[in-house]
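Have a look at coords05.txt below; it lists compact mmCIF, C-alpha atoms.
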```txt
# COMPACT_ATOMS: atom_id res chain seq x y z
CA MET C 1 125.12 173.24 -18.36
CA LYS C 2 122.64 176.08 -18.96
CA THR C 3 119.87 175.50 -21.45
CA CYS C 4 118.70 177.89 -24.15
CA LEU C 5 115.53 177.52 -26.19
CA VAL C 6 115.91 178.99 -29.67
CA VAL C 7 112.52 180.07 -31.01
CA ASP C 8 112.48 181.03 -34.68
CA ASP C 9 110.45 179.90 -37.68
CA SER C 10 113.59 179.92 -39.83
CA ARG C 11 115.47 176.65 -39.69
CA VAL C 12 118.59 178.45 -40.93
CA ILE C 13 118.50 181.02 -38.12
CA ARG C 14 117.96 178.25 -35.57
CA LYS C 15 120.95 176.37 -36.94
CA VAL C 16 123.22 179.46 -36.86
CA ALA C 17 122.07 180.41 -33.36
CA ARG C 18 122.54 176.83 -32.16
CA ARG C 19 126.13 176.78 -33.35
CA ILE C 20 126.95 180.10 -31.68
CA LEU C 21 125.23 179.23 -28.40
CA GLU C 22 126.77 175.76 -28.21
CA ASP C 23 130.19 177.37 -28.62
CA ILE C 24 129.39 179.63 -25.65
CA GLY C 25 128.46 176.56 -23.62
CA PHE C 26 124.68 176.25 -23.79
CA ASP C 27 122.62 173.11 -24.23
CA ILE C 28 120.15 173.96 -27.02
CA ALA C 29 116.50 173.16 -27.71
CA GLU C 30 114.55 174.51 -30.70
CA ALA C 31 110.98 175.59 -31.42
CA GLY C 32 109.49 176.88 -34.67
CA ASP C 33 106.80 179.14 -33.19
CA GLY C 34 105.48 180.54 -29.90
CA MET C 35 103.00 177.75 -29.27
CA GLU C 36 105.64 175.07 -29.65
CA ALA C 37 107.95 177.10 -27.39
CA LEU C 38 105.27 177.41 -24.73
CA ALA C 39 104.74 173.63 -24.72
CA TRP C 40 108.48 173.16 -24.35
CA CYS C 41 108.66 175.62 -21.44
CA ARG C 42 105.74 173.98 -19.65
CA ALA C 43 107.65 170.70 -19.78
CA THR C 44 111.13 172.05 -19.01
CA MET C 45 111.73 175.71 -18.24
CA PRO C 46 115.03 176.77 -19.89
CA ASP C 47 117.58 179.20 -18.45
CA ALA C 48 117.46 181.42 -21.53
CA ILE C 49 115.24 181.94 -24.57
CA LEU C 50 116.38 183.47 -27.86
CA LEU C 51 113.12 184.66 -29.36
CA ASP C 52 112.09 185.77 -32.83
CA TRP C 53 109.20 188.25 -33.12
CA ASN C 54 107.37 187.42 -36.34
CA MET C 55 106.32 183.77 -36.40
CA PRO C 56 103.19 181.86 -37.47
CA ILE C 57 100.61 180.49 -35.00
CA MET C 58 101.92 182.49 -32.01
CA THR C 59 104.26 185.49 -32.33
CA GLY C 60 107.22 186.11 -30.06
CA ILE C 61 105.56 188.93 -28.15
CA GLU C 62 102.39 186.84 -27.58
CA PHE C 63 104.56 183.97 -26.37
CA LEU C 64 106.51 186.22 -24.01
CA ARG C 65 103.39 187.71 -22.40
CA GLN C 66 102.01 184.21 -21.92
CA LEU C 67 105.30 182.85 -20.62
CA ARG C 68 105.58 185.48 -17.89
CA GLN C 69 102.14 184.35 -16.60
CA GLU C 70 103.22 180.71 -16.32
CA ALA C 71 104.51 179.10 -13.15
CA GLY C 72 108.29 179.62 -13.21
CA GLY C 73 107.91 181.72 -16.34
CA ASP C 74 109.64 184.67 -14.72
CA ARG C 75 112.87 182.67 -14.48
CA PRO C 76 114.22 182.43 -18.05
CA THR C 77 116.28 185.28 -19.42
CA VAL C 78 114.51 186.23 -22.65
CA VAL C 79 116.50 187.81 -25.47
CA PHE C 80 114.50 188.95 -28.46
CA CYS C 81 116.29 188.35 -31.76
CA THR C 82 114.37 190.01 -34.55
CA VAL C 83 114.41 192.24 -37.63
CA GLU C 84 112.21 194.72 -35.74
CA THR C 85 114.46 197.73 -35.04
CA ASP C 86 112.06 200.56 -34.16
CA LEU C 87 112.42 202.01 -30.67
CA GLU C 88 108.69 201.54 -30.07
CA ARG C 89 109.00 197.82 -30.82
CA ILE C 90 111.98 197.53 -28.47
CA ARG C 91 110.06 199.31 -25.70
CA GLU C 92 107.08 197.01 -26.32
CA ALA C 93 109.34 193.98 -25.91
CA LEU C 94 110.86 195.32 -22.67
CA ASP C 95 107.40 196.13 -21.31
CA ALA C 96 106.32 192.56 -22.09
CA GLY C 97 109.19 191.22 -20.00
CA ALA C 98 112.16 190.85 -22.37
CA ASP C 99 115.57 191.10 -20.72
CA GLU C 100 117.64 191.88 -23.80
CA TYR C 101 117.11 192.58 -27.47
CA ILE C 102 119.12 191.72 -30.57
CA MET C 103 118.47 193.35 -33.93
CA LYS C 104 119.16 191.02 -36.85
CA PRO C 105 121.54 190.45 -38.49
CA PHE C 106 123.60 189.22 -35.59
CA ASP C 107 126.90 187.46 -35.05
CA GLY C 108 128.54 185.50 -32.27
CA ASP C 109 130.01 188.60 -30.63
CA ILE C 110 126.61 190.25 -30.38
CA ILE C 111 124.93 187.18 -28.88
CA ALA C 112 127.78 186.74 -26.39
CA SER C 113 127.67 190.45 -25.52
CA LYS C 114 123.91 190.42 -24.97
CA LEU C 115 123.96 187.28 -22.86
CA ALA C 116 126.74 188.83 -20.77
CA ALA C 117 124.71 192.03 -20.38
CA ALA C 118 121.81 189.87 -19.18
CA GLY C 119 124.12 188.23 -16.64
CA LEU C 120 124.06 184.78 -18.24
CA THR C 121 127.74 184.30 -19.08
CA MET S 1 152.64 197.21 -51.22
CA ARG S 2 156.32 196.40 -51.26
CA ILE S 3 157.93 195.36 -48.00
CA GLU S 4 160.17 198.45 -47.96
CA ASP S 5 157.05 200.65 -48.27
CA ARG S 6 155.37 198.85 -45.41
CA GLU S 7 158.53 199.24 -43.33
CA LEU S 8 158.57 202.96 -44.08
CA VAL S 9 154.98 203.30 -42.85
CA ALA S 10 155.85 201.33 -39.69
CA GLN S 11 158.83 203.59 -39.06
CA VAL S 12 156.83 206.80 -39.57
CA CYS S 13 154.08 205.59 -37.22
CA ALA S 14 156.60 204.61 -34.55
CA THR S 15 158.49 207.89 -34.78
CA ARG S 16 155.53 210.24 -34.83
CA ALA S 17 153.08 208.49 -32.54
CA GLY S 18 154.88 205.57 -30.93
CA LEU S 19 152.45 203.38 -32.83
CA LYS S 20 153.36 199.73 -33.38
CA VAL S 21 152.66 198.69 -36.97
CA ASP S 22 153.61 195.23 -38.15
CA PRO S 23 154.98 195.58 -41.70
CA GLU S 24 154.18 191.94 -42.33
CA LYS S 25 150.45 192.69 -42.17
CA ALA S 26 150.14 193.81 -45.79
CA TYR S 27 146.36 193.47 -45.88
CA LEU S 28 145.90 195.72 -42.84
CA LEU S 29 148.19 198.41 -44.24
CA GLU S 30 146.55 198.33 -47.65
CA SER S 31 143.01 198.42 -46.25
CA ARG S 32 143.89 201.43 -44.07
CA LEU S 33 145.97 203.34 -46.61
CA GLY S 34 143.73 202.83 -49.65
CA PRO S 35 141.18 205.40 -48.42
CA VAL S 36 144.01 207.86 -47.59
CA ALA S 37 145.41 207.55 -51.12
CA ARG S 38 141.97 208.17 -52.65
CA ARG S 39 141.22 211.08 -50.32
CA GLU S 40 144.55 212.74 -51.10
CA GLY S 41 144.12 212.31 -54.85
CA PHE S 42 146.73 209.63 -55.51
CA ALA S 43 146.11 206.99 -58.16
CA SER S 44 147.43 204.22 -55.92
CA ILE S 45 148.90 203.44 -52.52
CA ASP S 46 152.30 203.17 -54.24
CA ASP S 47 151.99 206.80 -55.36
CA LEU S 48 151.00 207.81 -51.83
CA ILE S 49 154.08 206.09 -50.40
CA ASP S 50 156.35 207.64 -53.03
CA SER S 51 155.13 211.07 -51.99
CA LEU S 52 155.52 210.17 -48.33
CA ARG S 53 159.11 209.13 -48.99
CA THR S 54 160.15 212.04 -51.19
CA ARG S 55 158.18 215.02 -49.87
CA ALA S 56 157.00 213.94 -46.42
CA GLU S 57 154.42 216.71 -46.16
CA GLU S 58 153.06 216.93 -42.62
CA ARG S 59 149.46 216.59 -43.74
CA LEU S 60 150.28 213.40 -45.60
CA VAL S 61 152.41 211.99 -42.80
CA TRP S 62 149.61 212.50 -40.29
CA GLY S 63 147.01 211.15 -42.70
CA VAL S 64 148.99 207.92 -42.82
CA VAL S 65 149.66 207.81 -39.06
CA GLU S 66 146.04 208.52 -38.17
CA ALA S 67 144.77 205.89 -40.58
CA MET S 68 146.99 203.30 -38.94
CA ALA S 69 146.04 204.51 -35.45
CA PHE S 70 142.30 204.26 -35.99
CA ARG S 71 140.77 201.54 -33.86
CA GLU S 72 137.28 200.37 -33.21
CA THR S 73 136.17 199.71 -29.67
CA SER S 74 132.92 198.82 -27.97
CA PHE S 75 130.62 200.20 -25.30
CA PHE S 76 131.48 199.13 -21.74
CA ARG S 77 134.42 197.11 -23.03
CA ASP S 78 135.28 194.43 -20.44
CA ARG S 79 132.39 195.77 -18.27
CA ALA S 80 134.08 194.99 -14.90
CA PRO S 81 136.36 198.09 -14.88
CA PHE S 82 133.35 200.34 -15.43
CA GLU S 83 131.48 198.70 -12.58
CA ALA S 84 134.53 199.01 -10.32
CA PHE S 85 134.84 202.66 -11.27
CA ARG S 86 131.15 203.32 -10.62
CA ASP S 87 130.98 201.39 -7.36
CA HIS S 88 134.32 202.22 -5.73
CA ILE S 89 136.41 204.88 -7.41
CA LEU S 90 133.76 207.45 -8.30
CA PRO S 91 132.19 207.48 -4.82
CA ALA S 92 135.66 207.76 -3.27
CA LEU S 93 136.56 210.67 -5.53
CA ALA S 94 133.23 212.34 -4.76
CA ARG S 95 134.03 212.20 -1.05
CA GLN S 96 137.58 213.48 -1.53
CA ARG S 97 136.65 216.35 -3.82
CA GLU S 98 134.06 217.84 -1.45
CA GLY S 99 132.06 219.59 -4.17
CA GLN S 100 134.91 220.24 -6.59
CA PRO S 101 134.37 218.83 -10.10
CA ILE S 102 135.68 215.32 -10.77
CA ARG S 103 137.67 215.40 -13.99
CA ILE S 104 137.82 212.19 -16.05
CA TRP S 105 139.85 211.77 -19.23
CA SER S 106 139.46 209.07 -21.87
CA ALA S 107 142.96 209.42 -23.29
CA ALA S 108 142.71 207.20 -26.38
CA CYS S 109 139.00 207.40 -26.99
CA GLY S 110 138.95 205.92 -30.51
CA SER S 111 135.42 206.08 -31.87
CA GLY S 112 134.07 207.33 -28.53
CA GLN S 113 132.38 204.32 -26.98
CA GLU S 114 134.50 204.44 -23.81
CA VAL S 115 133.80 208.05 -22.91
CA TYR S 116 130.11 207.75 -23.79
CA SER S 117 129.92 204.64 -21.60
CA LEU S 118 131.31 206.76 -18.77
CA ALA S 119 128.90 209.59 -19.58
CA MET S 120 125.91 207.24 -19.49
CA MET S 121 127.15 205.68 -16.29
CA VAL S 122 127.58 209.05 -14.60
CA ASP S 123 124.15 210.13 -15.84
CA GLU S 124 122.60 207.05 -14.25
CA GLN S 125 124.60 207.26 -11.04
CA GLU S 126 121.98 207.82 -8.42
CA GLU S 127 124.40 207.51 -5.55
CA THR S 128 126.65 210.37 -6.61
CA PRO S 129 126.20 212.88 -3.82
CA PRO S 130 124.11 215.90 -4.80
CA GLY S 131 126.18 218.75 -6.11
CA VAL S 132 129.03 216.57 -7.38
CA LYS S 133 129.86 217.54 -10.92
CA VAL S 134 131.74 215.23 -13.28
CA GLU S 135 133.65 216.71 -16.20
CA LEU S 136 134.47 214.36 -19.07
CA PHE S 137 137.29 214.87 -21.53
CA ALA S 138 138.18 212.68 -24.50
CA SER S 139 141.11 212.65 -26.87
CA ASP S 140 142.62 210.61 -29.62
CA ILE S 141 145.49 210.99 -32.03
CA SER S 142 143.16 210.43 -34.98
CA GLU S 143 141.10 213.40 -36.17
CA ARG S 144 138.84 211.01 -38.04
CA ALA S 145 138.22 208.98 -34.90
CA LEU S 146 137.40 212.21 -33.06
CA GLU S 147 135.02 213.27 -35.81
CA LYS S 148 133.20 209.96 -35.61
CA ALA S 149 133.15 210.07 -31.83
CA GLN S 150 131.82 213.63 -31.72
CA SER S 151 129.06 212.79 -34.18
CA GLY S 152 127.69 210.25 -31.68
CA LEU S 153 126.51 208.15 -34.64
CA TYR S 154 126.87 204.39 -34.45
CA THR S 155 125.82 201.48 -36.62
CA GLN S 156 123.41 198.81 -35.50
CA PHE S 157 126.35 196.46 -35.01
CA GLU S 158 128.21 198.99 -32.86
CA VAL S 159 125.30 199.67 -30.49
CA GLN S 160 124.87 195.94 -29.95
CA ARG S 161 128.39 195.35 -28.73
CA GLY S 162 128.44 195.79 -24.96
CA LEU S 163 125.54 198.23 -24.69
CA PRO S 164 122.59 196.86 -22.69
CA ILE S 165 119.28 197.38 -24.49
CA ARG S 166 117.83 199.55 -21.72
CA GLN S 167 120.70 202.00 -22.11
CA LEU S 168 120.19 202.07 -25.87
CA VAL S 169 116.52 202.93 -25.34
CA ARG S 170 117.34 205.52 -22.69
CA HIS S 171 120.21 207.34 -24.35
CA PHE S 172 119.89 206.85 -28.13
CA ASP S 173 117.55 207.76 -30.94
CA LYS S 174 117.26 206.13 -34.30
CA ALA S 175 118.59 208.12 -37.25
CA GLU S 176 117.58 206.16 -40.34
CA ASP S 177 119.84 203.08 -40.28
CA MET S 178 122.11 204.49 -37.59
CA TRP S 179 121.75 205.23 -33.89
CA VAL S 180 122.67 208.61 -32.43
CA ILE S 181 123.46 209.27 -28.79
CA SER S 182 121.31 211.92 -27.13
CA PRO S 183 122.53 215.53 -27.20
CA ARG S 184 122.32 215.55 -23.40
CA ILE S 185 125.00 212.83 -23.17
CA ARG S 186 127.03 214.08 -26.13
CA GLN S 187 127.28 217.56 -24.68
CA THR S 188 128.85 216.32 -21.47
CA VAL S 189 132.13 215.49 -23.25
CA ARG S 190 134.90 217.88 -24.32
CA TRP S 191 137.13 216.72 -27.15
CA ARG S 192 140.71 217.40 -28.19
CA ARG S 193 143.35 215.83 -30.41
CA VAL S 194 146.23 214.56 -28.26
CA ASN S 195 149.32 212.61 -29.26
CA LEU S 196 150.18 210.63 -26.13
CA LEU S 197 153.81 210.52 -27.23
CA SER S 198 154.36 214.27 -27.37
CA ASP S 199 151.40 216.27 -26.09
CA LEU S 200 151.18 215.38 -22.40
CA GLY S 201 153.09 218.33 -20.96
CA GLY S 202 150.66 220.69 -19.28
CA VAL S 203 147.70 218.33 -19.65
CA GLY S 204 145.55 217.80 -16.59
CA PRO S 205 145.27 217.38 -13.72
CA PHE S 206 142.66 214.64 -13.95
CA ASP S 207 141.12 212.63 -11.15
CA ALA S 208 140.85 209.56 -13.36
CA ILE S 209 142.44 208.71 -16.68
CA PHE S 210 141.20 205.84 -18.83
CA CYS S 211 143.90 204.58 -21.18
CA ARG S 212 142.79 201.01 -21.76
CA HIS S 213 144.01 198.80 -24.61
CA ALA S 214 146.07 201.63 -26.11
CA LEU S 215 149.55 200.91 -24.73
CA PRO S 216 149.79 197.42 -26.28
CA LEU S 217 149.36 199.13 -29.65
CA MET S 218 152.45 201.25 -29.03
CA VAL S 219 156.08 200.24 -29.49
CA GLU S 220 157.56 199.03 -26.21
CA ALA S 221 160.29 201.68 -26.12
CA VAL S 222 157.83 204.58 -25.78
CA ARG S 223 155.48 203.04 -23.22
CA PRO S 224 157.40 204.20 -20.11
CA LYS S 225 157.44 207.78 -21.41
CA VAL S 226 153.70 207.69 -22.13
CA LEU S 227 152.94 206.13 -18.74
CA LYS S 228 155.01 208.76 -16.92
CA GLY S 229 153.25 211.43 -18.92
CA LEU S 230 149.90 210.02 -17.89
CA ALA S 231 151.04 209.82 -14.27
CA GLY S 232 152.06 213.46 -14.51
CA ALA S 233 148.58 214.34 -15.81
CA LEU S 234 146.95 212.71 -12.78
CA ALA S 235 145.94 214.60 -9.69
CA PRO S 236 148.19 213.42 -6.82
CA ASP S 237 145.37 211.21 -5.53
CA GLY S 238 143.99 210.31 -8.96
CA PHE S 239 143.65 206.94 -10.67
CA LEU S 240 144.89 205.55 -13.98
CA MET S 241 142.77 202.83 -15.54
CA LEU S 242 144.67 200.45 -17.83
CA GLY S 243 143.44 197.24 -19.43
CA GLU S 244 143.21 194.44 -16.90
CA ASP S 245 146.09 192.56 -18.51
CA GLU S 246 148.29 195.63 -18.89
CA ALA S 247 151.02 196.66 -16.45
CA PRO S 248 152.92 199.95 -16.26
CA GLU S 249 156.21 198.34 -17.22
CA GLY S 250 159.12 200.73 -17.09
CA ALA S 251 157.16 203.28 -15.06
CA ASP S 252 157.15 201.64 -11.64
CA GLU S 253 158.49 204.80 -10.01
CA ALA S 254 155.48 206.72 -11.31
CA LEU S 255 152.60 204.35 -10.73
CA GLN S 256 151.60 201.78 -8.18
CA PRO S 257 148.76 199.24 -8.34
CA VAL S 258 145.60 199.80 -6.32
CA ALA S 259 144.94 196.70 -4.19
CA GLY S 260 141.94 194.67 -5.26
CA GLN S 261 141.35 196.68 -8.44
CA PRO S 262 142.91 194.94 -11.48
CA GLY S 263 144.19 197.43 -14.03
CA VAL S 264 143.84 200.40 -11.66
CA TYR S 265 146.94 202.40 -10.72
CA ALA S 266 147.57 205.35 -8.45
CA ARG S 267 150.31 207.92 -8.79
CA ASN S 268 153.30 207.04 -6.65
CA PRO S 269 153.58 209.77 -3.97
CA ALA S 270 157.35 209.88 -4.54
CA PHE S 271 156.93 210.57 -8.26
CA ARG S 272 157.86 214.06 -9.31
CA VAL S 273 156.47 215.42 -12.53
CA ALA S 274 159.18 216.72 -14.85
CA ALA S 275 159.08 220.49 -15.16
```

Just give me the structure as structure tokens.
Amino acid sequence: MKTCLVVDDSRVIRKVARRILEDIGFDIAEAGDGMEALAWCRATMPDAILLDWNMPIMTGIEFLRQLRQEAGGDRPTVVFCTVETDLERIREALDAGADEYIMKPFDGDIIASKLAAAGLT
Amino acid sequence: MRIEDRELVAQVCATRAGLKVDPEKAYLLESRLGPVARREGFASIDDLIDSLRTRAEERLVWGVVEAMAFRETSFFRDRAPFEAFRDHILPALARQREGQPIRIWSAACGSGQEVYSLAMMVDEQEETPPGVKVELFASDISERALEKAQSGLYTQFEVQRGLPIRQLVRHFDKAEDMWVISPRIRQTVRWRRVNLLSDLGGVGPFDAIFCRHALPLMVEAVRPKVLKGLAGALAPDGFLMLGEDEAPEGADEALQPVAGQPGVYARNPAFRVAA
């Protein structure tokens, strides 16, 4: 089973995303900020990461830049999932190494569609 | 809505457009016809139906039919047929046409995502031989669907269904809370209202016709006629793209499956287009 790390400081968002991703067939892990996510990835690199942008301690974009420098950090498919909807922000995320991008609010169809576009389902 | 009113709407839709409407789906009918009643100045759907029954003005009839025909779709729906078209059919057509334009028709384009998906794909097609020109045509029975499609405006939800983020960045701009497709892509498509049940004579020829997920929405009795009409609108060596789980039932003499390409049909060489 493929693993997905859900990184979001909102427990509610993590819970909703977990339910959707488990239905699609992913094994889920959770982190509340970028630093916690980085520690998780250093221990066990997931297949996919659903990543919020604005979080305390370490933001999503800081985490992503750091992740891509790590050994094996080029492997996970990273899907941003954020309220940031400006084109400049999306370009910034892609330049930092994001594979896909979801603008909140989202639903199960959008997550499934984005993971399919990223070649994960 | 009373059941006899819903049955009247179903009958009108079937007669005029071959459209299958289930009169048992009261909520669907009411949600579609409420806006028509308001737009046409009726106090209620009941008043709209009374007028439909007694006066049957063409404008009103088509307002009802088009409201029931309107359907949402998504960018690159099912994905695989687009990839098959890009990787196999388009290069083959480019070779066969030897510089002549390749004409592609999205026959039931709905809110436009299918034809814009094709337009983006063609725009990004680096392997299309130099000098090959692709002409894109799109039609729908619903004027309102065509208006929406031509505007190129989509909600945040719509651009996130099937559209990879890199294509959003490449081909769209933000317009307040909406997303608008670039003029360069929008201008590659020519639009026209077409009723697949009655308007296919003299249409074409096209090298490829996309008519995916439209036939299952039509009553079974009209599907062979529509399929033969589409076959007649194909160039002799053209391709018809149906949904992967759709088959040209009742039109076997007109269309034959293309081996290894689910949902893709070629015109049967023995098929003669009715004069």

* Near-region 13-18 of chain C list (9 Å; only C-alpha atoms; drop same-chain fewer than 3 positions) as a PyMOL selection string -> chain C and resi 4+6-10+21-23+26-32+50+107-108+111

* Pull out every residue of chain C sitting within 12 Å of chain S, counting all atoms listed in the file, and send them as a PyMOL selection string. => chain C and resi 79-81+83-95+98-119

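Reported to one decimal place, the separation of CA of Met1 (chain C) from CA of Thr82 (chain C) is 25.7 Å.
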
* Structure fact -> CA of Ala208 (chain S) sits from CA of Val258 (chain S) at a separation of 12.9 Å

* What is the CA of Ala266 (chain S) to CA of Gly238 (chain S) distance in Å? -> 6.1 Å

Might I get the box with edges along x, y and z of the file that holds all atoms of region 11-30 of chain C listed there, padded by 6 Å on every side, given as centre and edge lengths in Å to one decimal, as lines of an AutoDock Vina configuration file?
```
center_x = 122.4
center_y = 177.1
center_z = -32.3
size_x = 27.6
size_y = 19.9
size_z = 29.3
```

* Rank nothing, just name the residue among S:Leu227, S:Met241, S:Ile141, S:Met121 nearest to Trp62 (chain S), using all atoms listed in the file. =>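 Checking each candidate against Trp62 (chain S), we get S:Ile141 as the closest.
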
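Residue nearest Glu135 (chain S), chosen from S:Ala92, S:Ala231, S:Ala175, S:Ile209 and counting all atoms listed in the file: S:Ile209.
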
* Dump as a list in words all residues having an atom at most 7 Å from (136.3, 201.5, -34.3), computed in the file's coordinates with only C-alpha atoms. => Phe70, Arg71, Glu72, Thr73, Gly110 and Ser111 of chain S

* Go through C:Gly73, C:Pro56, C:Gly25, C:Ile20 and flag the residue nearest Leu38 (chain C), using all atoms listed in the file for the distances. =>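 The shortest atom-to-atom distance to Leu38 (chain C) comes from C:Gly73.
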
* Counting all atoms listed in the file, the option among C:Arg68, C:Met35, C:Arg42, C:Asp52 closest to Arg11 (chain C) ->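 With all atoms listed in the file as the atom set, the closest residue is C:Asp52.
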
* Asked: Given the choices S:Lys228, S:His213, S:Lys20, S:Arg184, which gets closest to Gly201 (chain S) if the distance is worked out from all atoms listed in the file?
  -> S:Lys228

Near-Ala48 (chain C) list (6 Å; all atoms listed in the file; drop same-chain fewer than 5 positions) as a PDB file with C-alpha atoms, in the frame of the given file:
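Done, and the output landed in selection15.pdb:
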```pdb
ATOM      1  CA  CYS C   4     118.700 177.890 -24.150  1.00  0.00           C
ATOM      2  CA  PRO C  76     114.220 182.430 -18.050  1.00  0.00           C
ATOM      3  CA  THR C  77     116.280 185.280 -19.420  1.00  0.00           C
ATOM      4  CA  VAL C  78     114.510 186.230 -22.650  1.00  0.00           C
TER       5      VAL C  78
END
```

* Asked: Using all atoms listed in the file, which of the listed residues (C:Arg65, C:Asp33, C:Leu120, C:Ala96) sits closest to Thr3 (chain C)?
  ->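 Ranked by minimum distance to Thr3 (chain C), first place goes to C:Leu120.
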
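Every polymer residue reaching to within 6 Å of (131.8, 209.9, -10.6), counting only C-alpha atoms, appears in this list: Leu90, Val122 and Val134 of chain S.
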